[in-house]
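Below: run.txt (compact mmCIF, N, CA and C atoms)
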# COMPACT_ATOMS: atom_id res chain seq x y z
N MET F 1 6.49 -12.47 -0.13
CA MET F 1 6.10 -13.86 -0.19
C MET F 1 6.60 -14.45 -1.50
N LYS F 2 7.22 -15.59 -1.42
CA LYS F 2 7.73 -16.27 -2.62
C LYS F 2 6.61 -17.11 -3.25
N ALA F 3 6.55 -17.09 -4.56
CA ALA F 3 5.53 -17.85 -5.29
C ALA F 3 5.89 -19.32 -5.35
N SER F 4 4.87 -20.15 -5.13
CA SER F 4 5.04 -21.59 -5.30
C SER F 4 3.78 -22.15 -5.96
N LEU F 5 3.97 -23.05 -6.92
CA LEU F 5 2.85 -23.64 -7.63
C LEU F 5 1.95 -24.43 -6.68
N LEU F 6 0.66 -24.36 -6.95
CA LEU F 6 -0.29 -25.18 -6.21
C LEU F 6 -0.27 -26.59 -6.77
N ASP F 7 -0.48 -27.58 -5.91
CA ASP F 7 -0.61 -28.94 -6.41
C ASP F 7 -2.08 -29.18 -6.80
N GLN F 8 -2.35 -30.31 -7.42
CA GLN F 8 -3.69 -30.60 -7.94
C GLN F 8 -4.75 -30.58 -6.84
N GLN F 9 -4.42 -31.10 -5.67
CA GLN F 9 -5.39 -31.12 -4.56
C GLN F 9 -5.71 -29.70 -4.10
N GLU F 10 -4.71 -28.85 -4.05
CA GLU F 10 -4.93 -27.45 -3.67
C GLU F 10 -5.82 -26.74 -4.71
N ILE F 11 -5.60 -27.03 -5.96
CA ILE F 11 -6.42 -26.42 -7.02
C ILE F 11 -7.86 -26.89 -6.91
N ILE F 12 -8.06 -28.17 -6.65
CA ILE F 12 -9.41 -28.72 -6.51
C ILE F 12 -10.16 -28.06 -5.35
N SER F 13 -9.45 -27.69 -4.30
CA SER F 13 -10.10 -27.11 -3.13
C SER F 13 -10.38 -25.61 -3.26
N LEU F 14 -9.92 -24.98 -4.32
CA LEU F 14 -10.08 -23.53 -4.46
C LEU F 14 -11.53 -23.05 -4.46
N PRO F 15 -12.47 -23.71 -5.14
CA PRO F 15 -13.85 -23.20 -5.12
C PRO F 15 -14.43 -23.08 -3.70
N LYS F 16 -14.05 -23.96 -2.80
CA LYS F 16 -14.53 -23.86 -1.42
C LYS F 16 -13.86 -22.71 -0.68
N GLN F 17 -12.60 -22.49 -0.96
CA GLN F 17 -11.85 -21.41 -0.31
C GLN F 17 -12.23 -20.03 -0.83
N LEU F 18 -12.59 -19.99 -2.11
CA LEU F 18 -12.80 -18.71 -2.80
C LEU F 18 -14.16 -18.69 -3.51
N PRO F 19 -15.24 -18.58 -2.74
CA PRO F 19 -16.56 -18.52 -3.38
C PRO F 19 -16.62 -17.36 -4.38
N GLY F 20 -17.20 -17.62 -5.52
CA GLY F 20 -17.32 -16.60 -6.56
C GLY F 20 -16.21 -16.67 -7.60
N TRP F 21 -15.12 -17.31 -7.25
CA TRP F 21 -14.02 -17.48 -8.19
C TRP F 21 -14.14 -18.84 -8.85
N GLU F 22 -13.69 -18.94 -10.10
CA GLU F 22 -13.68 -20.22 -10.80
C GLU F 22 -12.28 -20.50 -11.34
N VAL F 23 -12.00 -21.78 -11.48
CA VAL F 23 -10.71 -22.21 -12.02
C VAL F 23 -10.96 -22.84 -13.38
N LYS F 24 -10.26 -22.33 -14.38
CA LYS F 24 -10.34 -22.88 -15.74
C LYS F 24 -8.95 -22.82 -16.34
N ALA F 25 -8.45 -23.96 -16.76
CA ALA F 25 -7.17 -24.03 -17.49
C ALA F 25 -6.06 -23.24 -16.78
N SER F 26 -5.84 -23.52 -15.52
CA SER F 26 -4.78 -22.88 -14.73
C SER F 26 -4.95 -21.38 -14.57
N VAL F 27 -6.19 -20.92 -14.60
CA VAL F 27 -6.50 -19.51 -14.40
C VAL F 27 -7.58 -19.40 -13.33
N LEU F 28 -7.37 -18.50 -12.38
CA LEU F 28 -8.34 -18.19 -11.36
C LEU F 28 -9.08 -16.94 -11.82
N ARG F 29 -10.42 -17.02 -11.90
CA ARG F 29 -11.18 -15.97 -12.58
C ARG F 29 -12.43 -15.60 -11.79
N ARG F 30 -12.76 -14.31 -11.82
CA ARG F 30 -14.01 -13.85 -11.21
C ARG F 30 -14.53 -12.66 -11.99
N GLU F 31 -15.87 -12.53 -12.02
CA GLU F 31 -16.53 -11.42 -12.70
C GLU F 31 -17.36 -10.62 -11.69
N TRP F 32 -17.41 -9.32 -11.91
CA TRP F 32 -18.24 -8.43 -11.10
C TRP F 32 -19.08 -7.56 -12.02
N LYS F 33 -20.26 -7.18 -11.54
CA LYS F 33 -21.11 -6.21 -12.23
C LYS F 33 -21.41 -5.11 -11.21
N PHE F 34 -20.92 -3.92 -11.51
CA PHE F 34 -21.13 -2.77 -10.65
C PHE F 34 -22.29 -1.94 -11.17
N SER F 35 -22.67 -0.93 -10.43
CA SER F 35 -23.79 -0.08 -10.85
C SER F 35 -23.45 0.82 -12.02
N ASN F 36 -22.15 1.20 -12.09
CA ASN F 36 -21.74 2.11 -13.15
C ASN F 36 -20.23 2.04 -13.32
N PHE F 37 -19.73 2.78 -14.28
CA PHE F 37 -18.30 2.77 -14.58
C PHE F 37 -17.46 3.31 -13.43
N VAL F 38 -17.94 4.35 -12.77
CA VAL F 38 -17.17 4.95 -11.68
C VAL F 38 -16.96 3.94 -10.55
N GLU F 39 -17.98 3.18 -10.20
CA GLU F 39 -17.83 2.16 -9.16
C GLU F 39 -16.84 1.08 -9.60
N ALA F 40 -16.96 0.65 -10.85
CA ALA F 40 -16.03 -0.38 -11.36
C ALA F 40 -14.61 0.14 -11.35
N PHE F 41 -14.42 1.36 -11.81
CA PHE F 41 -13.07 1.93 -11.87
C PHE F 41 -12.51 2.16 -10.47
N GLY F 42 -13.36 2.56 -9.54
CA GLY F 42 -12.93 2.74 -8.16
C GLY F 42 -12.43 1.43 -7.56
N PHE F 43 -13.15 0.35 -7.83
CA PHE F 43 -12.73 -0.97 -7.35
C PHE F 43 -11.42 -1.38 -8.02
N MET F 44 -11.30 -1.13 -9.30
CA MET F 44 -10.07 -1.46 -10.02
C MET F 44 -8.87 -0.70 -9.43
N THR F 45 -9.09 0.53 -9.02
CA THR F 45 -8.02 1.31 -8.41
C THR F 45 -7.55 0.67 -7.11
N LYS F 46 -8.49 0.21 -6.29
CA LYS F 46 -8.14 -0.48 -5.05
C LYS F 46 -7.34 -1.75 -5.35
N VAL F 47 -7.79 -2.50 -6.36
CA VAL F 47 -7.08 -3.73 -6.74
C VAL F 47 -5.69 -3.40 -7.26
N ALA F 48 -5.57 -2.33 -8.04
CA ALA F 48 -4.26 -1.94 -8.59
C ALA F 48 -3.27 -1.62 -7.47
N LEU F 49 -3.72 -0.91 -6.46
CA LEU F 49 -2.83 -0.58 -5.33
C LEU F 49 -2.41 -1.84 -4.58
N LEU F 50 -3.34 -2.75 -4.39
CA LEU F 50 -3.04 -4.02 -3.74
C LEU F 50 -2.05 -4.83 -4.57
N ALA F 51 -2.29 -4.91 -5.87
CA ALA F 51 -1.42 -5.67 -6.77
C ALA F 51 -0.01 -5.11 -6.77
N GLU F 52 0.10 -3.81 -6.77
CA GLU F 52 1.42 -3.19 -6.76
C GLU F 52 2.14 -3.48 -5.44
N ALA F 53 1.41 -3.42 -4.33
CA ALA F 53 2.00 -3.70 -3.02
C ALA F 53 2.49 -5.15 -2.93
N MET F 54 1.75 -6.07 -3.56
CA MET F 54 2.13 -7.49 -3.53
C MET F 54 3.04 -7.87 -4.69
N ASN F 55 3.24 -6.94 -5.64
CA ASN F 55 4.01 -7.20 -6.85
C ASN F 55 3.49 -8.45 -7.58
N HIS F 56 2.16 -8.53 -7.67
CA HIS F 56 1.53 -9.64 -8.37
C HIS F 56 0.28 -9.06 -9.05
N HIS F 57 0.31 -8.97 -10.36
CA HIS F 57 -0.66 -8.18 -11.10
C HIS F 57 -1.63 -9.05 -11.89
N PRO F 58 -2.91 -8.64 -11.90
CA PRO F 58 -3.93 -9.42 -12.61
C PRO F 58 -3.96 -9.11 -14.10
N GLU F 59 -4.62 -10.00 -14.79
CA GLU F 59 -5.08 -9.69 -16.14
C GLU F 59 -6.54 -9.32 -15.92
N TRP F 60 -6.97 -8.22 -16.51
CA TRP F 60 -8.37 -7.85 -16.31
C TRP F 60 -8.97 -7.23 -17.54
N HIS F 61 -10.29 -7.21 -17.53
CA HIS F 61 -11.05 -6.68 -18.65
C HIS F 61 -12.21 -5.89 -18.07
N ASN F 62 -12.36 -4.65 -18.51
CA ASN F 62 -13.42 -3.79 -18.01
C ASN F 62 -14.19 -3.19 -19.17
N VAL F 63 -15.51 -3.35 -19.13
CA VAL F 63 -16.40 -2.67 -20.05
C VAL F 63 -17.52 -2.06 -19.22
N TYR F 64 -17.56 -0.76 -19.20
CA TYR F 64 -18.50 0.03 -18.44
C TYR F 64 -18.54 -0.44 -16.98
N ALA F 65 -19.59 -1.14 -16.56
CA ALA F 65 -19.74 -1.56 -15.16
C ALA F 65 -19.34 -3.01 -14.93
N ASN F 66 -18.84 -3.66 -15.96
CA ASN F 66 -18.47 -5.07 -15.86
C ASN F 66 -16.95 -5.20 -15.77
N LEU F 67 -16.51 -6.06 -14.85
CA LEU F 67 -15.09 -6.28 -14.63
C LEU F 67 -14.82 -7.77 -14.50
N THR F 68 -13.80 -8.23 -15.18
CA THR F 68 -13.32 -9.60 -15.05
C THR F 68 -11.85 -9.54 -14.65
N ILE F 69 -11.51 -10.29 -13.60
CA ILE F 69 -10.13 -10.38 -13.15
C ILE F 69 -9.69 -11.83 -13.25
N GLU F 70 -8.49 -12.03 -13.79
CA GLU F 70 -7.90 -13.36 -13.91
C GLU F 70 -6.50 -13.35 -13.32
N PHE F 71 -6.16 -14.46 -12.68
CA PHE F 71 -4.82 -14.65 -12.14
C PHE F 71 -4.25 -15.98 -12.59
N THR F 72 -2.98 -15.96 -12.89
CA THR F 72 -2.14 -17.13 -13.07
C THR F 72 -0.71 -16.62 -12.89
N THR F 73 0.17 -17.47 -12.49
CA THR F 73 1.55 -17.03 -12.29
C THR F 73 2.35 -17.48 -13.51
N HIS F 74 2.51 -16.57 -14.46
CA HIS F 74 3.16 -16.90 -15.73
C HIS F 74 4.57 -17.43 -15.53
N ASP F 75 5.31 -16.86 -14.58
CA ASP F 75 6.69 -17.29 -14.35
C ASP F 75 6.79 -18.77 -13.97
N LEU F 76 5.74 -19.27 -13.30
CA LEU F 76 5.75 -20.67 -12.86
C LEU F 76 4.92 -21.58 -13.76
N GLY F 77 4.15 -21.00 -14.65
CA GLY F 77 3.35 -21.79 -15.58
C GLY F 77 2.09 -22.38 -14.99
N GLY F 78 1.49 -21.69 -14.03
CA GLY F 78 0.24 -22.19 -13.45
C GLY F 78 -0.19 -21.38 -12.25
N LEU F 79 -1.13 -21.94 -11.49
CA LEU F 79 -1.65 -21.25 -10.32
C LEU F 79 -0.69 -21.38 -9.14
N SER F 80 -0.54 -20.28 -8.43
CA SER F 80 0.36 -20.27 -7.29
C SER F 80 -0.33 -19.73 -6.04
N ASN F 81 0.39 -19.81 -4.95
CA ASN F 81 -0.09 -19.26 -3.69
C ASN F 81 -0.34 -17.75 -3.80
N LEU F 82 0.40 -17.05 -4.64
CA LEU F 82 0.19 -15.62 -4.82
C LEU F 82 -1.15 -15.32 -5.47
N ASP F 83 -1.57 -16.17 -6.41
CA ASP F 83 -2.88 -15.99 -7.04
C ASP F 83 -3.99 -16.13 -6.01
N VAL F 84 -3.86 -17.12 -5.15
CA VAL F 84 -4.86 -17.35 -4.10
C VAL F 84 -4.87 -16.18 -3.11
N GLN F 85 -3.70 -15.74 -2.71
CA GLN F 85 -3.61 -14.62 -1.76
C GLN F 85 -4.23 -13.36 -2.35
N MET F 86 -3.95 -13.08 -3.61
CA MET F 86 -4.55 -11.90 -4.25
C MET F 86 -6.06 -12.01 -4.29
N ALA F 87 -6.58 -13.18 -4.65
CA ALA F 87 -8.03 -13.37 -4.70
C ALA F 87 -8.65 -13.14 -3.33
N LYS F 88 -8.04 -13.67 -2.30
CA LYS F 88 -8.55 -13.47 -0.94
C LYS F 88 -8.53 -12.00 -0.55
N GLU F 89 -7.45 -11.32 -0.88
CA GLU F 89 -7.34 -9.89 -0.56
C GLU F 89 -8.37 -9.07 -1.33
N ILE F 90 -8.59 -9.41 -2.58
CA ILE F 90 -9.59 -8.71 -3.39
C ILE F 90 -10.98 -8.88 -2.79
N ASP F 91 -11.27 -10.08 -2.33
CA ASP F 91 -12.58 -10.33 -1.73
C ASP F 91 -12.83 -9.45 -0.50
N THR F 92 -11.77 -9.08 0.22
CA THR F 92 -11.95 -8.22 1.39
C THR F 92 -12.26 -6.78 0.99
N LEU F 93 -11.99 -6.42 -0.26
CA LEU F 93 -12.26 -5.06 -0.74
C LEU F 93 -13.72 -4.82 -1.01
N MET F 94 -14.49 -5.85 -1.18
CA MET F 94 -15.91 -5.71 -1.51
C MET F 94 -16.74 -5.34 -0.31
As structure tokens, how would this structure be written, given the file I've shared?
Amino acid sequence: MKASLLDQQEIISLPKQLPGWEVKASVLRREWKFSNFVEAFGFMTKVALLAEAMNHHPEWHNVYANLTIEFTTHDLGGLSNLDVQMAKEIDTLM
């Protein structure tokens, strides 16, 4: 899938399409709290395999059972269809 920037209307509609995700300064972001580190790391592994398959990788931060994932398409300078697709795919992993 080729990346294309979202227009302003598409960005505005993201919270309805992606419950739990937030948009801030051209970044799509979500936080999770797992029961422990192993659960968080297991989820991260699933996301890593998905990201590699889609060749679209997140920025993330993990501390023990807490995980934050952020997406933006650096090559295009903002949010793209790939960011939305990754978020949707990640949501199916839960």
- prompt: Nearest to F:Glu70 among F:Glu39, F:Glu31, F:Asp91, F:Glu10, with distances taken over all atoms listed in the file: which residue is it?
  reply: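 Using all atoms listed in the file, the shortest distance to F:Glu70 belongs to F:Glu31.
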message: What does the structure give for the distance between atom C of F:Asp75 and atom CA of F:Asp7, in Å to one decimal?
response: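 Those two atoms sit 14.7 Å apart.
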field: Nearest to F:Met1 by atom-to-atom distance, counting only N, CA and C atoms, from F:Met44, F:His61, F:Gln17, F:Leu82
entry: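 Closest to F:Met1 of all the choices is F:Leu82.
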message: Here is a test: counting only C-alpha atoms, which residue of F:Ala48, F:Ile12, F:Trp21, F:Ser26 is nearest to F:Leu76?
response: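 The answer is F:Ser26, which sits nearest to F:Leu76.
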task: Quick one: residues within 8 Å of (3.6, -24.7, -3.5) (file frame), counting all atoms listed in the file, please, as a ChimeraX atom specification.
output: /F:3-7,79-81
task: Please identify which residues in chain F DSSP calls strand (DSSP E) from the backbone, and express them as a VMD selection string.
output: chain F and resid 22 to 24 27 to 33 59 to 63 66 to 71
query: Around (-1.1, -11.3, -8.2) in the file's frame, which residues reach within 6 Å when counting only N, CA and C atoms? Return as number ranges by chain?
result: F: 51, 55-58, 82-83, 86
message: With distances taken over only C-alpha atoms, which residue among F:Leu14, F:Ala40, F:Ile90, F:Ala53 lies nearest F:Leu28?
response: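 Checking each candidate against F:Leu28, we get F:Leu14 as the closest.
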- request: Take atom CA of F:His74 and atom CA of F:Pro15 and report the distance between them in Å, one decimal.
  value: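 Separating atom CA of F:His74 from atom CA of F:Pro15 is a distance of 21.0 Å.
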- request: Just list the residues in chain F DSSP gives alpha helix (DSSP H) on the backbone, as number ranges by chain.
  value: F: 8-12, 14-17, 37-54, 81-93
- request: Figure out the distance between atom CA of F:Met54 and atom CA of F:Val27, please, to one decimal in Å.
  value: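 About the pair atom CA of F:Val27 and atom CA of F:Met54: they are 18.4 Å apart.
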task: Could you tell me which of F:Leu49, F:Val23, F:Leu18, F:Val63 comes closest to F:Gln85 if we count only C-alpha atoms?
output: F:Leu18
